[in-house]
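Participant: Please see the structure below; I have some questions.
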Amino acid sequence: MSVRIRRVPPAGILEGVDLRPYAFEQGHAYDVDPYVARVLVLWDYASLEHIHVNPEFGTVSEPNICPRCQATNVLRTRSESIGEFFFCPHCDQIWSHTSAM
């Protein structure tokens with residue numbers, strides 16, 4: 001998931017998540033695993049980066065509603081290991097396009 005660092009965490013470990021492999025700098029965006037992103041966002045060290053998608057290139061514009069809580073401001077992102085997926089910041093639901101169909 002893409003996050004933008006709002007402030008650098010002072011410790012190398014936060015809620016059991018090892019942040020030492022990352023050299024975070026304030027104001028920079030980083031691709032991190034979803035569990036790292038979740039901890040950083042919950043502790044207000046980062047914000048999720050929205051990915052702007054151009055539907056002209058055949059990218060998927062749906063689903064844009066969380067299947068769990070029906071929130072409409074879900075985030076779409078891409079991970080090298082699992083491909084494209086969606087994240088709901090309200091209920092922490094993560095799903096792929098194929099599982100949401």
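By order in the structure tokens, chains are A, B, ...; within a chain, residues start at 1; ligands start at 1, following the order shown.
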Neighbouring residues of A:Arg4 were defined as those with any atom within 8 Å, considering only C-alpha atoms; residues of the same chain fewer than 6 positions away were excluded. Please report them as number ranges by chain.

Facilitator: A: 26-30, 46-49

Participant: Using the selection just defined, write its residues with N, CA and C atoms as a CSV table (one decimal), in the first residue's frame.

Facilitator:
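As a result, selection_37.csv now contains:
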chain,number,residue,atom,x,y,z
A,26,GLN,N,9.8,12.5,6.4
A,26,GLN,CA,8.6,13.2,6.4
A,26,GLN,C,8.3,13.8,5.0
A,27,GLY,N,7.0,13.6,4.6
A,27,GLY,CA,6.6,14.2,3.3
A,27,GLY,C,6.8,13.2,2.1
A,28,HIS,N,7.5,12.1,2.3
A,28,HIS,CA,7.8,11.2,1.2
A,28,HIS,C,6.7,10.1,1.2
A,29,ALA,N,6.5,9.5,0.0
A,29,ALA,CA,5.6,8.4,-0.1
A,29,ALA,C,6.4,7.1,-0.2
A,30,TYR,N,5.8,6.0,0.4
A,30,TYR,CA,6.5,4.7,0.4
A,30,TYR,C,5.4,3.6,0.1
A,46,ALA,N,1.3,8.4,9.2
A,46,ALA,CA,1.2,8.4,7.7
A,46,ALA,C,-0.3,8.6,7.3
A,47,SER,N,-0.5,8.9,6.1
A,47,SER,CA,-1.8,8.9,5.5
A,47,SER,C,-1.7,8.0,4.2
A,48,LEU,N,-2.9,7.4,3.9
A,48,LEU,CA,-2.9,6.6,2.7
A,48,LEU,C,-2.9,7.4,1.4
A,49,GLU,N,-2.1,7.0,0.5
A,49,GLU,CA,-2.1,7.7,-0.8
A,49,GLU,C,-3.2,7.1,-1.7

Participant: Need to verify the contact set: A:Pro10, 12 Å, only C-alpha atoms, exclusion of same-chain residues closer than 3 positions in sequence. Can you return it as number ranges by chain?

Facilitator: A: 7, 13-14, 19-20, 23-26, 40, 43, 45
